[in-house]
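Novice: Encoded as structure tokens, here's the structure I'll be asking about.
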Amino acid sequence: MNGGKTYQIRTFGCQMNVHDSERLAGQLEEAGYVPAGADDAPDLVVFNTCAVRENADNKLYGTLGHLRPAKDANPDMQIAVGGCLAQKDRGEIVKRAPWVDVVFGTHNIGALPVLLERARHNAEAEVEILESLETFPSTLPARRESAYSGWVSISVGCNNTCTFCIVPSLRGKERDRRPGEVLAEVEALVAEGVLEVTLLGQNVNSYGVEFGERDAFSKLLRACGGIDGLERVRFTSPHPAAFTDDVIDAMAETPNVCPQLHMPLQSGSDRILREMRRSYRSSRFLSILDKVRDRIPDAAITTDIIVGFPGETEKDFQATLDVVREARFSSAFTFQYSRRPGTPAAELPDQLPKQVVQERYDRLVELVNEIAWDENKKLVGRKVELLVAEGEGRKDTETRRMSGRARDGRLVHFTPTGAAIEGSVRPGDVVETVVTYGAPHHLVADGDLLSHRRTRAGDNVEAGRRPRTDGVSLGLPSFGRPAPQPVATGGCGL
Ligand code: SF4
């Protein structure tokens, strides 16, 4: 029905959105759409929005305004807006931008093709926002962006009530996917040559609460360890309050689970953590890190930190710096607190002036970078195994390097030279090399490669193929052509 119509998806926000966009693409292609070329004017533009960033709504309405002339010139063109901001603003979007055709929320991404069809047929905007999940997104077909690395959702929503976070009101209560379905999706990806999966959930440690199994997440990690051909397992995000020793044991004892942990701190001040309604305290946070490093000495630990939460004093901020010094993060996503309408923290009285927040933020970033640099320098001389990546090294062409991720998640720019190379090195292949320089945000390996393994993922990248999963739990993936990569803009500050 839509044969030949072209689409483009513009993605904002966290990994959840990036993965949801893969599902949106899968459905659109099943409905007959094809990806628009980089220089073509698409017949359909879909915005998968994020409500977390300050001014997200102004930016969206600005971008929609830019599309108006294209829509006026081509009334058959359609524009759809989904994601968290759509869930929040609902009908407001078509009031402010009446040239939008479809608004859909976070609970009904599976309805997009039908809503587009209905809007075209009725020649009026369709706004459909549901209050709870209609279909678990993973049951929808997906057109994957990467041939070597895949996202697999284990849960959606969150049962916590962090006062700065909009997720509970926009994504709803946590819904867990059955382990058998998660593992079937992982196996289906691996069967198509994917080497690495990242298990996704707002709070992966509470996985299993819905079906009453306490150790469900550690069991899931161990089960991933039994999947032949799956070389790397990562996950995001855990929550310090629910992070239990069985997960640390599973990480340490399952060889394909990577030595990497993203553990959101948010604040080092116990008073602010209480205000944020995050139930752990800084001592518990640091004791988790000690345990992880005791069992997994080379673990790279990253974090999220919010500066300038309402009421934060210089003493509170110093407590954050103290934890950062002790925790020695390999990197940190740092955020300046910004008031997000709809969150409890937006109503708190003592909102801090921008210049105070900025000044603390600058000091924090300086410390975080200094520590990350020190940690990276310690890795000079170390042998690393890299999964070669696509598009991760901005300067690769001028430096004649390629880029890849080490098992601990660090970005390494390497020189693809040496007798070990078979044919050419492609994204999706696996190489080994030795680190020669540590920078604050990446490593460099400028010697000849120690080894190079050609993989099926590399063959697929070379041939321009990407996995497509059918979405039903035991569905078999098939291959399609790649579309332009989505633009992911930072995390959601979990
Ligand atoms: S910050 Fe994370 S844990 Fe807290 S409510 Fe938001 S999604 Fe849940």
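Letters for chains follow the order of the structure tokens (A, B, ...), residue numbers begin at 1 for each chain, and ligand numbers begin at 1 in the order shown.
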Show me, as a PyMOL selection string, the residues that have an atom within 9 Å of A:Val81 when counting only C-alpha atoms, minus same-chain residues fewer than 6 positions from it.
Specialist: chain A and resi 45-49+93+100-105
Novice: Counting only C-alpha atoms and all ligand atoms, which residues of chain A sit at most 7 Å from some atom of ligand 1, and what is each one's closest atom pair with its distance in Å to one decimal, listed by chain and rising residue number, as a Markdown table?
Specialist:
```
| residue | atom | partner | partner_atom_place_in_ligand_line | distance |
| --- | --- | --- | --- | --- |
| A:Cys158 | CA | ligand 1 | 8 (Fe) | 4.6 |
| A:Asn159 | CA | ligand 1 | 8 (Fe) | 6.3 |
| A:Asn160 | CA | ligand 1 | 5 (S) | 4.4 |
| A:Thr161 | CA | ligand 1 | 5 (S) | 4.4 |
| A:Cys162 | CA | ligand 1 | 4 (Fe) | 4.1 |
| A:Cys165 | CA | ligand 1 | 6 (Fe) | 4.5 |
| A:Ile166 | CA | ligand 1 | 6 (Fe) | 6.5 |
| A:Val167 | CA | ligand 1 | 6 (Fe) | 5.1 |
| A:Pro168 | CA | ligand 1 | 5 (S) | 5.7 |
| A:Gln202 | CA | ligand 1 | 7 (S) | 4.9 |
| A:Asn203 | CA | ligand 1 | 3 (S) | 5.8 |
| A:His239 | CA | ligand 1 | 3 (S) | 6.4 |
| A:Gly493 | CA | ligand 1 | 1 (S) | 6.7 |
| A:Leu494 | CA | ligand 1 | 1 (S) | 4.0 |
```
Novice: Kindly save the residues from that selection, with C-alpha atoms included, as a PDB file, in the first residue's frame.
Specialist:
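File part-v1.pdb, as written:
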```
ATOM      1  CA  CYS A 158      10.009   2.154  36.178  1.00  0.00           C
ATOM      2  CA  ASN A 159       8.550   1.575  39.649  1.00  0.00           C
ATOM      3  CA  ASN A 160      10.788   4.126  41.336  1.00  0.00           C
ATOM      4  CA  THR A 161       9.836   7.717  41.984  1.00  0.00           C
ATOM      5  CA  CYS A 162      13.042   9.740  41.643  1.00  0.00           C
ATOM      6  CA  CYS A 165      12.635  12.012  36.565  1.00  0.00           C
ATOM      7  CA  ILE A 166       9.793  12.104  34.102  1.00  0.00           C
ATOM      8  CA  VAL A 167      10.047   8.403  33.169  1.00  0.00           C
ATOM      9  CA  PRO A 168       7.466   7.007  35.631  1.00  0.00           C
ATOM     10  CA  GLN A 202      15.222   1.639  33.221  1.00  0.00           C
ATOM     11  CA  ASN A 203      16.214  -0.378  36.262  1.00  0.00           C
ATOM     12  CA  HIS A 239      20.094   1.071  40.280  1.00  0.00           C
ATOM     13  CA  GLY A 493      19.881  11.088  33.289  1.00  0.00           C
ATOM     14  CA  LEU A 494      18.932   7.887  35.079  1.00  0.00           C
TER      15      LEU A 494
END
```
Novice: Need the shell around A:Ser206: protein/DNA/RNA residues with any atom at most 10 Å away, counting only C-alpha atoms. Skip same-chain ones fewer than 4 positions apart. Format as a PyMOL selection string?
Specialist: chain A and resi 155+158-160+174+176+201-202+210+213-217+238-239+241-243
Novice: Could you pull out the strand (DSSP E or B) residues of stretch 103-290 of chain A from DSSP and send them as a PyMOL selection string?
Specialist: chain A and resi 103-104+126-128+142-143+149-153+155-156+175-176+196-200+232-236+257+260-262+266
Novice: I want to know what sits within 9 Å of A:Asn460, based on only C-alpha atoms, with residues of the same chain fewer than 3 positions away left out; could you give that as a PDB file with C-alpha atoms, in the first residue's frame?
Specialist:
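Okay, this is what ended up in result-v2.pdb:
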```
ATOM      1  CA  ALA A 147      25.080  -5.673  12.162  1.00  0.00           C
ATOM      2  CA  TYR A 148      27.365  -6.460  15.105  1.00  0.00           C
ATOM      3  CA  GLY A 193      26.060 -12.782  13.212  1.00  0.00           C
ATOM      4  CA  GLY A 428      32.077  -5.870  12.990  1.00  0.00           C
ATOM      5  CA  THR A 455      33.402 -12.209  11.336  1.00  0.00           C
ATOM      6  CA  ARG A 456      29.980 -12.687   9.807  1.00  0.00           C
ATOM      7  CA  ALA A 457      29.023  -9.311  11.251  1.00  0.00           C
ATOM      8  CA  ALA A 463      27.554  -6.015   2.123  1.00  0.00           C
ATOM      9  CA  GLY A 464      25.404  -3.224   3.609  1.00  0.00           C
ATOM     10  CA  ARG A 465      23.075  -5.643   5.406  1.00  0.00           C
ATOM     11  CA  ARG A 466      21.440  -5.140   8.811  1.00  0.00           C
ATOM     12  CA  PRO A 467      19.460  -7.697  10.825  1.00  0.00           C
TER      13      PRO A 467
END
```
Novice: Using only C-alpha atoms, which of A:Ala346, A:Leu449, A:Leu286, A:Ala300 sits nearest A:Arg325?
Specialist: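 Selected residue with least distance to A:Arg325: A:Leu286.
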Novice: Give the helix (DSSP H, G or I) residues of stretch 66-156 of chain A, as DSSP finds them on the backbone, and put them as number ranges by chain.
Specialist: A: 66-73, 84-89, 92-96, 109-122, 137-139
Novice: Can you tell me which residues surround A:Arg234 at a distance of at most 8 Å, considering only C-alpha atoms, apart from same-chain residues fewer than 3 positions away, and format the answer as an MDAnalysis selection string?
Specialist: chainID A and resid 196:199 257:258 260
